[in-house]
file model_3.tsv (TSV, N, CA and C atoms)
chain	number	residue	atom	x	y	z
A	16	MET	N	0.82	-1.19	0.00
A	16	MET	CA	0.00	0.00	0.00
A	16	MET	C	0.87	1.26	0.00
A	17	LEU	N	1.93	1.22	0.78
A	17	LEU	CA	2.80	2.40	0.83
A	17	LEU	C	3.42	2.68	-0.53
A	18	LYS	N	3.84	1.63	-1.23
A	18	LYS	CA	4.42	1.81	-2.57
A	18	LYS	C	3.38	2.41	-3.50
A	19	LEU	N	2.16	1.94	-3.41
A	19	LEU	CA	1.07	2.45	-4.23
A	19	LEU	C	0.84	3.93	-3.98
A	20	LEU	N	1.04	4.36	-2.74
A	20	LEU	CA	0.84	5.76	-2.38
A	20	LEU	C	2.04	6.64	-2.69
A	21	GLY	N	3.11	6.03	-3.24
A	21	GLY	CA	4.27	6.80	-3.65
A	21	GLY	C	5.31	7.01	-2.58
A	22	VAL	N	5.24	6.24	-1.52
A	22	VAL	CA	6.21	6.35	-0.43
A	22	VAL	C	7.55	5.78	-0.90
A	23	SER	N	8.63	6.42	-0.51
A	23	SER	CA	9.96	5.98	-0.95
A	23	SER	C	10.33	4.64	-0.31
A	24	ASP	N	11.22	3.92	-0.98
A	24	ASP	CA	11.67	2.62	-0.47
A	24	ASP	C	12.32	2.75	0.91
A	25	SER	N	13.05	3.83	1.13
A	25	SER	CA	13.72	3.98	2.43
A	25	SER	C	12.70	4.17	3.56
A	26	VAL	N	11.63	4.89	3.30
A	26	VAL	CA	10.58	5.08	4.32
A	26	VAL	C	9.80	3.78	4.51
A	27	ILE	N	9.56	3.06	3.42
A	27	ILE	CA	8.88	1.77	3.52
A	27	ILE	C	9.71	0.82	4.39
A	28	MET	N	11.02	0.80	4.16
A	28	MET	CA	11.90	-0.06	4.95
A	28	MET	C	11.87	0.34	6.43
A	29	GLU	N	11.95	1.62	6.69
A	29	GLU	CA	11.93	2.10	8.07
A	29	GLU	C	10.63	1.67	8.76
A	30	ASP	N	9.52	1.83	8.07
A	30	ASP	CA	8.22	1.44	8.63
A	30	ASP	C	8.16	-0.07	8.86
A	31	TYR	N	8.63	-0.82	7.89
A	31	TYR	CA	8.62	-2.28	7.98
A	31	TYR	C	9.44	-2.77	9.18
A	32	LEU	N	10.61	-2.19	9.37
A	32	LEU	CA	11.49	-2.63	10.45
A	32	LEU	C	10.96	-2.24	11.84
A	33	LEU	N	10.06	-1.28	11.90
A	33	LEU	CA	9.42	-0.93	13.17
A	33	LEU	C	8.63	-2.11	13.73
A	34	THR	N	8.27	-3.04	12.85
A	34	THR	CA	7.57	-4.25	13.28
A	34	THR	C	8.33	-4.94	14.39
A	35	ASN	N	9.64	-4.98	14.27
A	35	ASN	CA	10.46	-5.66	15.29
A	35	ASN	C	10.31	-5.02	16.66
A	36	GLU	N	10.17	-3.71	16.69
A	36	GLU	CA	10.01	-3.01	17.97
A	36	GLU	C	8.62	-3.20	18.55
A	37	THR	N	7.61	-3.16	17.69
A	37	THR	CA	6.24	-3.23	18.19
A	37	THR	C	5.77	-4.66	18.43
A	38	LEU	N	6.21	-5.58	17.60
A	38	LEU	CA	5.76	-6.97	17.72
A	38	LEU	C	6.68	-7.81	18.61
A	39	GLY	N	7.92	-7.39	18.75
A	39	GLY	CA	8.91	-8.17	19.49
A	39	GLY	C	8.46	-8.70	20.83
A	40	PRO	N	8.00	-7.85	21.74
A	40	PRO	CA	7.56	-8.35	23.06
A	40	PRO	C	6.38	-9.32	22.97
A	41	LYS	N	5.46	-9.06	22.06
A	41	LYS	CA	4.31	-9.96	21.90
A	41	LYS	C	4.77	-11.31	21.34
A	42	ALA	N	5.69	-11.26	20.39
A	42	ALA	CA	6.22	-12.50	19.81
A	42	ALA	C	6.92	-13.33	20.87
A	43	ASP	N	7.70	-12.67	21.70
A	43	ASP	CA	8.39	-13.39	22.78
A	43	ASP	C	7.40	-14.07	23.72
A	44	LEU	N	6.32	-13.39	24.03
A	44	LEU	CA	5.30	-13.95	24.91
A	44	LEU	C	4.63	-15.16	24.26
A	45	ILE	N	4.31	-15.06	22.98
A	45	ILE	CA	3.69	-16.18	22.26
A	45	ILE	C	4.63	-17.37	22.24
A	46	LEU	N	5.89	-17.13	21.92
A	46	LEU	CA	6.87	-18.22	21.88
A	46	LEU	C	7.05	-18.86	23.25
A	47	GLU	N	7.03	-18.05	24.27
A	47	GLU	CA	7.17	-18.56	25.64
A	47	GLU	C	5.98	-19.47	25.99
A	48	GLN	N	4.78	-19.05	25.59
A	48	GLN	CA	3.58	-19.83	25.89
A	48	GLN	C	3.56	-21.16	25.13
A	49	LEU	N	4.15	-21.17	23.95
A	49	LEU	CA	4.15	-22.38	23.11
A	49	LEU	C	5.41	-23.23	23.29
A	50	ASP	N	6.34	-22.77	24.08
A	50	ASP	CA	7.66	-23.39	24.17
A	50	ASP	C	7.62	-24.90	24.41
A	51	GLU	N	6.79	-25.36	25.31
A	51	GLU	CA	6.74	-26.79	25.63
A	51	GLU	C	6.11	-27.62	24.52
A	52	GLN	N	5.37	-26.98	23.64
A	52	GLN	CA	4.68	-27.70	22.57
A	52	GLN	C	5.48	-27.76	21.27
A	53	LEU	N	6.56	-27.01	21.20
A	53	LEU	CA	7.33	-26.90	19.96
A	53	LEU	C	8.68	-27.60	20.06
A	54	THR	N	9.09	-28.19	18.94
A	54	THR	CA	10.46	-28.67	18.85
A	54	THR	C	11.36	-27.45	18.66
A	55	PRO	N	12.65	-27.59	18.88
A	55	PRO	CA	13.55	-26.44	18.64
A	55	PRO	C	13.45	-25.91	17.21
A	56	LEU	N	13.32	-26.80	16.24
A	56	LEU	CA	13.22	-26.36	14.85
A	56	LEU	C	11.90	-25.61	14.61
A	57	GLN	N	10.81	-26.13	15.15
A	57	GLN	CA	9.53	-25.44	15.02
A	57	GLN	C	9.59	-24.05	15.66
A	58	ARG	N	10.22	-23.98	16.81
A	58	ARG	CA	10.34	-22.70	17.51
A	58	ARG	C	11.14	-21.71	16.65
A	59	GLU	N	12.22	-22.19	16.07
A	59	GLU	CA	13.06	-21.33	15.23
A	59	GLU	C	12.27	-20.82	14.03
A	60	HIS	N	11.53	-21.71	13.38
A	60	HIS	CA	10.74	-21.31	12.21
A	60	HIS	C	9.65	-20.33	12.59
A	61	LEU	N	8.98	-20.59	13.69
A	61	LEU	CA	7.93	-19.68	14.15
A	61	LEU	C	8.52	-18.33	14.51
A	62	GLN	N	9.66	-18.34	15.17
A	62	GLN	CA	10.32	-17.10	15.55
A	62	GLN	C	10.68	-16.28	14.31
A	63	ASP	N	11.12	-16.96	13.26
A	63	ASP	CA	11.46	-16.28	12.01
A	63	ASP	C	10.27	-15.54	11.41
A	64	THR	N	9.06	-16.07	11.62
A	64	THR	CA	7.87	-15.41	11.06
A	64	THR	C	7.56	-14.11	11.78
A	65	PHE	N	8.08	-13.93	12.97
A	65	PHE	CA	7.83	-12.71	13.73
A	65	PHE	C	8.86	-11.61	13.48
A	66	ILE	N	9.90	-11.92	12.73
A	66	ILE	CA	11.00	-10.98	12.53
A	66	ILE	C	10.88	-10.30	11.17
A	67	ALA	N	10.91	-8.98	11.18
A	67	ALA	CA	10.95	-8.22	9.93
A	67	ALA	C	12.42	-8.07	9.55
A	68	SER	N	12.77	-8.60	8.39
A	68	SER	CA	14.16	-8.60	7.94
A	68	SER	C	14.32	-7.70	6.72
A	69	ALA	N	15.30	-6.82	6.77
A	69	ALA	CA	15.58	-5.95	5.63
A	69	ALA	C	15.89	-6.78	4.40
A	70	ASP	N	16.59	-7.89	4.58
A	70	ASP	CA	16.91	-8.76	3.44
A	70	ASP	C	15.65	-9.29	2.77
A	71	TYR	N	14.66	-9.66	3.57
A	71	TYR	CA	13.41	-10.19	3.03
A	71	TYR	C	12.68	-9.12	2.21
A	72	LEU	N	12.55	-7.93	2.76
A	72	LEU	CA	11.86	-6.87	2.03
A	72	LEU	C	12.63	-6.48	0.78
A	73	ASN	N	13.95	-6.38	0.88
A	73	ASN	CA	14.76	-6.07	-0.30
A	73	ASN	C	14.59	-7.12	-1.39
A	74	ALA	N	14.56	-8.39	-1.00
A	74	ALA	CA	14.38	-9.47	-1.97
A	74	ALA	C	13.01	-9.37	-2.64
A	75	ALA	N	11.99	-9.06	-1.87
A	75	ALA	CA	10.64	-8.93	-2.44
A	75	ALA	C	10.57	-7.76	-3.42
A	76	LEU	N	11.12	-6.63	-3.03
A	76	LEU	CA	11.12	-5.46	-3.92
A	76	LEU	C	11.92	-5.74	-5.19
A	77	GLU	N	13.04	-6.43	-5.03
A	77	GLU	CA	13.89	-6.78	-6.17
A	77	GLU	C	13.17	-7.74	-7.11
A	78	ALA	N	12.50	-8.73	-6.56
A	78	ALA	CA	11.78	-9.72	-7.37
A	78	ALA	C	10.68	-9.05	-8.19
A	79	ILE	N	9.94	-8.17	-7.56
A	79	ILE	CA	8.88	-7.46	-8.28
A	79	ILE	C	9.49	-6.55	-9.33
A	80	GLY	N	10.56	-5.85	-8.96
A	80	GLY	CA	11.23	-4.95	-9.90
A	80	GLY	C	11.80	-5.65	-11.12
A	81	SER	N	12.25	-6.89	-10.95
A	81	SER	CA	12.80	-7.62	-12.09
A	81	SER	C	11.72	-8.32	-12.92
A	82	ALA	N	10.57	-8.56	-12.33
A	82	ALA	CA	9.50	-9.26	-13.04
A	82	ALA	C	8.57	-8.32	-13.81
A	83	TYR	N	8.56	-7.06	-13.45
A	83	TYR	CA	7.63	-6.10	-14.06
A	83	TYR	C	8.39	-4.86	-14.50
A	84	PRO	N	8.00	-4.29	-15.64
A	84	PRO	CA	8.67	-3.08	-16.12
A	84	PRO	C	8.48	-1.89	-15.18
A	85	SER	N	7.37	-1.88	-14.45
A	85	SER	CA	7.11	-0.77	-13.53
A	85	SER	C	6.20	-1.25	-12.41
A	86	TRP	N	6.16	-0.46	-11.35
A	86	TRP	CA	5.25	-0.79	-10.25
A	86	TRP	C	3.80	-0.69	-10.71
A	87	GLU	N	3.51	0.22	-11.61
A	87	GLU	CA	2.15	0.35	-12.13
A	87	GLU	C	1.72	-0.95	-12.83
A	88	ASP	N	2.65	-1.56	-13.58
A	88	ASP	CA	2.35	-2.84	-14.22
A	88	ASP	C	2.08	-3.92	-13.18
A	89	TYR	N	2.88	-3.95	-12.14
A	89	TYR	CA	2.67	-4.92	-11.06
A	89	TYR	C	1.30	-4.72	-10.43
A	90	PHE	N	0.98	-3.47	-10.07
A	90	PHE	CA	-0.31	-3.20	-9.44
A	90	PHE	C	-1.47	-3.66	-10.31
A	91	GLU	N	-1.36	-3.40	-11.60
A	91	GLU	CA	-2.47	-3.76	-12.49
A	91	GLU	C	-2.52	-5.26	-12.77
A	92	GLN	N	-1.39	-5.86	-13.11
A	92	GLN	CA	-1.39	-7.27	-13.50
A	92	GLN	C	-1.60	-8.22	-12.33
A	93	GLU	N	-1.00	-7.94	-11.20
A	93	GLU	CA	-1.08	-8.85	-10.05
A	93	GLU	C	-2.22	-8.53	-9.09
A	94	LEU	N	-2.52	-7.25	-8.95
A	94	LEU	CA	-3.50	-6.84	-7.95
A	94	LEU	C	-4.80	-6.31	-8.55
A	95	GLY	N	-4.81	-6.16	-9.88
A	95	GLY	CA	-6.02	-5.66	-10.54
A	95	GLY	C	-6.30	-4.19	-10.26
A	96	ILE	N	-5.27	-3.45	-9.88
A	96	ILE	CA	-5.45	-2.03	-9.58
A	96	ILE	C	-5.05	-1.23	-10.82
A	97	THR	N	-6.05	-0.81	-11.56
A	97	THR	CA	-5.83	-0.04	-12.78
A	97	THR	C	-5.40	1.38	-12.45
A	98	ALA	N	-5.02	2.12	-13.48
A	98	ALA	CA	-4.63	3.52	-13.29
A	98	ALA	C	-5.77	4.31	-12.66
A	99	GLU	N	-6.99	4.03	-13.10
A	99	GLU	CA	-8.15	4.73	-12.54
A	99	GLU	C	-8.34	4.40	-11.06
A	100	LYS	N	-8.18	3.14	-10.71
A	100	LYS	CA	-8.30	2.75	-9.31
A	100	LYS	C	-7.19	3.36	-8.47
A	101	ARG	N	-5.98	3.41	-9.03
A	101	ARG	CA	-4.87	4.03	-8.32
A	101	ARG	C	-5.16	5.50	-8.02
A	102	GLU	N	-5.69	6.19	-9.02
A	102	GLU	CA	-6.04	7.60	-8.82
A	102	GLU	C	-7.07	7.76	-7.71
A	103	ARG	N	-8.05	6.90	-7.69
A	103	ARG	CA	-9.09	6.96	-6.65
A	103	ARG	C	-8.48	6.69	-5.27
A	104	ILE	N	-7.60	5.71	-5.20
A	104	ILE	CA	-6.93	5.40	-3.93
A	104	ILE	C	-6.11	6.61	-3.45
A	105	LEU	N	-5.38	7.22	-4.36
A	105	LEU	CA	-4.59	8.40	-4.01
A	105	LEU	C	-5.48	9.53	-3.50
A	106	GLU	N	-6.63	9.72	-4.16
A	106	GLU	CA	-7.58	10.75	-3.72
A	106	GLU	C	-8.08	10.46	-2.31
A	107	LEU	N	-8.34	9.19	-2.03
A	107	LEU	CA	-8.89	8.82	-0.72
A	107	LEU	C	-7.87	8.95	0.41
A	108	TYR	N	-6.62	8.60	0.14
A	108	TYR	CA	-5.63	8.51	1.20
A	108	TYR	C	-4.66	9.67	1.30
A	109	LEU	N	-4.56	10.46	0.26
A	109	LEU	CA	-3.63	11.59	0.30
A	109	LEU	C	-4.40	12.90	0.22
A	110	GLU	N	-3.90	13.88	0.92
A	110	GLU	CA	-4.57	15.19	0.88
A	110	GLU	C	-4.02	16.02	-0.25

call {"tool": "encode", "arguments": {"input": "model_3.tsv", "output": "structure tokens"}}
result
Amino acid sequence: MLKLLGVSDSVIMEDYLLTNETLGPKADLILEQLDEQLTPLQREHLQDTFIASADYLNAALEAIGSAYPSWEDYFEQELGITAEKRERILELYLE
């Protein structure tokens, strides 16, 4: 959504990585509650799902960038968001 609204990649990354600060304590609590029910490998995999990684976001942005000529093409082909819909979204969310 942020990309659709024209937010820069650096701001998107900053926002994404805030997940670690806001979700971290909750994730620790969940893992603690499930600890006896999980194998070490299961715990590791579950823990990985709670971590926002710059590498993961960079890989996703890179994959989309290499698969589509533009973000507009991605929005339209993958998400069905046409230029008209994008304009309407921008009107709704931006002043």

call {"tool": "atom_distance", "arguments": {"input": "model_3.tsv", "atom1": "atom N of Ile79 (chain A)", "atom2": "atom C of Ala98 (chain A)"}}
result
20.7 Å

call {"tool": "residues_around", "arguments": {"input": "model_3.tsv", "residues": "region 21-34 of chain A", "least_positions_apart": "3", "cutoff": "12 Å", "atoms": "only C-alpha atoms", "output": "PDB file with N, CA and C atoms, in the coordinates of the input"}}
result
ATOM      1  N   MET A  16       0.820  -1.190   0.000  1.00  0.00           N
ATOM      2  CA  MET A  16       0.000   0.000   0.000  1.00  0.00           C
ATOM      3  C   MET A  16       0.870   1.260   0.000  1.00  0.00           C
ATOM      4  N   LEU A  17       1.930   1.220   0.780  1.00  0.00           N
ATOM      5  CA  LEU A  17       2.800   2.400   0.830  1.00  0.00           C
ATOM      6  C   LEU A  17       3.420   2.680  -0.530  1.00  0.00           C
ATOM      7  N   LYS A  18       3.840   1.630  -1.230  1.00  0.00           N
ATOM      8  CA  LYS A  18       4.420   1.810  -2.570  1.00  0.00           C
ATOM      9  C   LYS A  18       3.380   2.410  -3.500  1.00  0.00           C
ATOM     10  N   THR A  37       7.610  -3.160  17.690  1.00  0.00           N
ATOM     11  CA  THR A  37       6.240  -3.230  18.190  1.00  0.00           C
ATOM     12  C   THR A  37       5.770  -4.660  18.430  1.00  0.00           C
ATOM     13  N   LEU A  38       6.210  -5.580  17.600  1.00  0.00           N
ATOM     14  CA  LEU A  38       5.760  -6.970  17.720  1.00  0.00           C
ATOM     15  C   LEU A  38       6.680  -7.810  18.610  1.00  0.00           C
ATOM     16  N   GLY A  39       7.920  -7.390  18.750  1.00  0.00           N
ATOM     17  CA  GLY A  39       8.910  -8.170  19.490  1.00  0.00           C
ATOM     18  C   GLY A  39       8.460  -8.700  20.830  1.00  0.00           C
ATOM     19  N   PRO A  40       8.000  -7.850  21.740  1.00  0.00           N
ATOM     20  CA  PRO A  40       7.560  -8.350  23.060  1.00  0.00           C
ATOM     21  C   PRO A  40       6.380  -9.320  22.970  1.00  0.00           C
ATOM     22  N   LYS A  41       5.460  -9.060  22.060  1.00  0.00           N
ATOM     23  CA  LYS A  41       4.310  -9.960  21.900  1.00  0.00           C
ATOM     24  C   LYS A  41       4.770 -11.310  21.340  1.00  0.00           C
ATOM     25  N   ALA A  42       5.690 -11.260  20.390  1.00  0.00           N
ATOM     26  CA  ALA A  42       6.220 -12.500  19.810  1.00  0.00           C
ATOM     27  C   ALA A  42       6.920 -13.330  20.870  1.00  0.00           C
ATOM     28  N   THR A  64       9.060 -16.070  11.620  1.00  0.00           N
ATOM     29  CA  THR A  64       7.870 -15.410  11.060  1.00  0.00           C
ATOM     30  C   THR A  64       7.560 -14.110  11.780  1.00  0.00           C
ATOM     31  N   PHE A  65       8.080 -13.930  12.970  1.00  0.00           N
ATOM     32  CA  PHE A  65       7.830 -12.710  13.730  1.00  0.00           C
ATOM     33  C   PHE A  65       8.860 -11.610  13.480  1.00  0.00           C
ATOM     34  N   ILE A  66       9.900 -11.920  12.730  1.00  0.00           N
ATOM     35  CA  ILE A  66      11.000 -10.980  12.530  1.00  0.00           C
ATOM     36  C   ILE A  66      10.880 -10.300  11.170  1.00  0.00           C
ATOM     37  N   ALA A  67      10.910  -8.980  11.180  1.00  0.00           N
ATOM     38  CA  ALA A  67      10.950  -8.220   9.930  1.00  0.00           C
ATOM     39  C   ALA A  67      12.420  -8.070   9.550  1.00  0.00           C
ATOM     40  N   SER A  68      12.770  -8.600   8.390  1.00  0.00           N
ATOM     41  CA  SER A  68      14.160  -8.600   7.940  1.00  0.00           C
ATOM     42  C   SER A  68      14.320  -7.700   6.720  1.00  0.00           C
ATOM     43  N   ALA A  69      15.300  -6.820   6.770  1.00  0.00           N
ATOM     44  CA  ALA A  69      15.580  -5.950   5.630  1.00  0.00           C
ATOM     45  C   ALA A  69      15.890  -6.780   4.400  1.00  0.00           C
ATOM     46  N   ASP A  70      16.590  -7.890   4.580  1.00  0.00           N
ATOM     47  CA  ASP A  70      16.910  -8.760   3.440  1.00  0.00           C
ATOM     48  C   ASP A  70      15.650  -9.290   2.770  1.00  0.00           C
ATOM     49  N   TYR A  71      14.660  -9.660   3.570  1.00  0.00           N
ATOM     50  CA  TYR A  71      13.410 -10.190   3.030  1.00  0.00           C
ATOM     51  C   TYR A  71      12.680  -9.120   2.210  1.00  0.00           C
ATOM     52  N   LEU A  72      12.550  -7.930   2.760  1.00  0.00           N
ATOM     53  CA  LEU A  72      11.860  -6.870   2.030  1.00  0.00           C
ATOM     54  C   LEU A  72      12.630  -6.480   0.780  1.00  0.00           C
ATOM     55  N   ASN A  73      13.950  -6.380   0.880  1.00  0.00           N
ATOM     56  CA  ASN A  73      14.760  -6.070  -0.300  1.00  0.00           C
ATOM     57  C   ASN A  73      14.590  -7.120  -1.390  1.00  0.00           C
ATOM     58  N   ALA A  74      14.560  -8.390  -1.000  1.00  0.00           N
ATOM     59  CA  ALA A  74      14.380  -9.470  -1.970  1.00  0.00           C
ATOM     60  C   ALA A  74      13.010  -9.370  -2.640  1.00  0.00           C
ATOM     61  N   ALA A  75      11.990  -9.060  -1.870  1.00  0.00           N
ATOM     62  CA  ALA A  75      10.640  -8.930  -2.440  1.00  0.00           C
ATOM     63  C   ALA A  75      10.570  -7.760  -3.420  1.00  0.00           C
ATOM     64  N   LEU A  76      11.120  -6.630  -3.030  1.00  0.00           N
ATOM     65  CA  LEU A  76      11.120  -5.460  -3.920  1.00  0.00           C
ATOM     66  C   LEU A  76      11.920  -5.740  -5.190  1.00  0.00           C
ATOM     67  N   GLU A  77      13.040  -6.430  -5.030  1.00  0.00           N
ATOM     68  CA  GLU A  77      13.890  -6.780  -6.170  1.00  0.00           C
ATOM     69  C   GLU A  77      13.170  -7.740  -7.110  1.00  0.00           C
ATOM     70  N   TRP A  86       6.160  -0.460 -11.350  1.00  0.00           N
ATOM     71  CA  TRP A  86       5.250  -0.790 -10.250  1.00  0.00           C
ATOM     72  C   TRP A  86       3.800  -0.690 -10.710  1.00  0.00           C
ATOM     73  N   GLU A  87       3.510   0.220 -11.610  1.00  0.00           N
ATOM     74  CA  GLU A  87       2.150   0.350 -12.130  1.00  0.00           C
ATOM     75  C   GLU A  87       1.720  -0.950 -12.830  1.00  0.00           C
ATOM     76  N   ARG A 101      -5.980   3.410  -9.030  1.00  0.00           N
ATOM     77  CA  ARG A 101      -4.870   4.030  -8.320  1.00  0.00           C
ATOM     78  C   ARG A 101      -5.160   5.500  -8.020  1.00  0.00           C
ATOM     79  N   GLU A 102      -5.690   6.190  -9.020  1.00  0.00           N
ATOM     80  CA  GLU A 102      -6.040   7.600  -8.820  1.00  0.00           C
ATOM     81  C   GLU A 102      -7.070   7.760  -7.710  1.00  0.00           C
ATOM     82  N   ILE A 104      -7.600   5.710  -5.200  1.00  0.00           N
ATOM     83  CA  ILE A 104      -6.930   5.400  -3.930  1.00  0.00           C
ATOM     84  C   ILE A 104      -6.110   6.610  -3.450  1.00  0.00           C
ATOM     85  N   LEU A 105      -5.380   7.220  -4.360  1.00  0.00           N
ATOM     86  CA  LEU A 105      -4.590   8.400  -4.010  1.00  0.00           C
ATOM     87  C   LEU A 105      -5.480   9.530  -3.500  1.00  0.00           C
ATOM     88  N   TYR A 108      -6.620   8.600   0.140  1.00  0.00           N
ATOM     89  CA  TYR A 108      -5.630   8.510   1.200  1.00  0.00           C
ATOM     90  C   TYR A 108      -4.660   9.670   1.300  1.00  0.00           C
ATOM     91  N   LEU A 109      -4.560  10.460   0.260  1.00  0.00           N
ATOM     92  CA  LEU A 109      -3.630  11.590   0.300  1.00  0.00           C
ATOM     93  C   LEU A 109      -4.400  12.900   0.220  1.00  0.00           C
TER      94      LEU A 109
END

call {"tool": "axis_aligned_box", "arguments": {"input": "model_3.tsv", "around": "region 52-57 of chain A", "padding_each_side": "4 Å", "output": "lines of an AutoDock Vina configuration file"}}
result
center_x = 9.1
center_y = -26.4
center_z = 19.1
size_x = 16.9
size_y = 12.6
size_z = 17.0

call {"tool": "select_by_dssp", "arguments": {"input": "model_3.tsv", "residues": "region 18-109 of chain A", "states": "helix (DSSP H, G or I)", "output": "PyMOL selection string"}}
result
chain A and resi 24-52+55-64+69-82+86-94+98-108

call {"tool": "decode", "arguments": {"input": "model_3.tsv", "residues": "region 53-97 of chain A", "atoms": "C-alpha atoms", "output": "tab-separated table (two decimals), in the first residue's frame"}}
result
chain	number	residue	atom	x	y	z
A	53	LEU	CA	7.33	-26.90	19.96
A	54	THR	CA	10.46	-28.67	18.85
A	55	PRO	CA	13.55	-26.44	18.64
A	56	LEU	CA	13.22	-26.36	14.85
A	57	GLN	CA	9.53	-25.44	15.02
A	58	ARG	CA	10.34	-22.70	17.51
A	59	GLU	CA	13.06	-21.33	15.23
A	60	HIS	CA	10.74	-21.31	12.21
A	61	LEU	CA	7.93	-19.68	14.15
A	62	GLN	CA	10.32	-17.10	15.55
A	63	ASP	CA	11.46	-16.28	12.01
A	64	THR	CA	7.87	-15.41	11.06
A	65	PHE	CA	7.83	-12.71	13.73
A	66	ILE	CA	11.00	-10.98	12.53
A	67	ALA	CA	10.95	-8.22	9.93
A	68	SER	CA	14.16	-8.60	7.94
A	69	ALA	CA	15.58	-5.95	5.63
A	70	ASP	CA	16.91	-8.76	3.44
A	71	TYR	CA	13.41	-10.19	3.03
A	72	LEU	CA	11.86	-6.87	2.03
A	73	ASN	CA	14.76	-6.07	-0.30
A	74	ALA	CA	14.38	-9.47	-1.97
A	75	ALA	CA	10.64	-8.93	-2.44
A	76	LEU	CA	11.12	-5.46	-3.92
A	77	GLU	CA	13.89	-6.78	-6.17
A	78	ALA	CA	11.78	-9.72	-7.37
A	79	ILE	CA	8.88	-7.46	-8.28
A	80	GLY	CA	11.23	-4.95	-9.90
A	81	SER	CA	12.80	-7.62	-12.09
A	82	ALA	CA	9.50	-9.26	-13.04
A	83	TYR	CA	7.63	-6.10	-14.06
A	84	PRO	CA	8.67	-3.08	-16.12
A	85	SER	CA	7.11	-0.77	-13.53
A	86	TRP	CA	5.25	-0.79	-10.25
A	87	GLU	CA	2.15	0.35	-12.13
A	88	ASP	CA	2.35	-2.84	-14.22
A	89	TYR	CA	2.67	-4.92	-11.06
A	90	PHE	CA	-0.31	-3.20	-9.44
A	91	GLU	CA	-2.47	-3.76	-12.49
A	92	GLN	CA	-1.39	-7.27	-13.50
A	93	GLU	CA	-1.08	-8.85	-10.05
A	94	LEU	CA	-3.50	-6.84	-7.95
A	95	GLY	CA	-6.02	-5.66	-10.54
A	96	ILE	CA	-5.45	-2.03	-9.58
A	97	THR	CA	-5.83	-0.04	-12.78
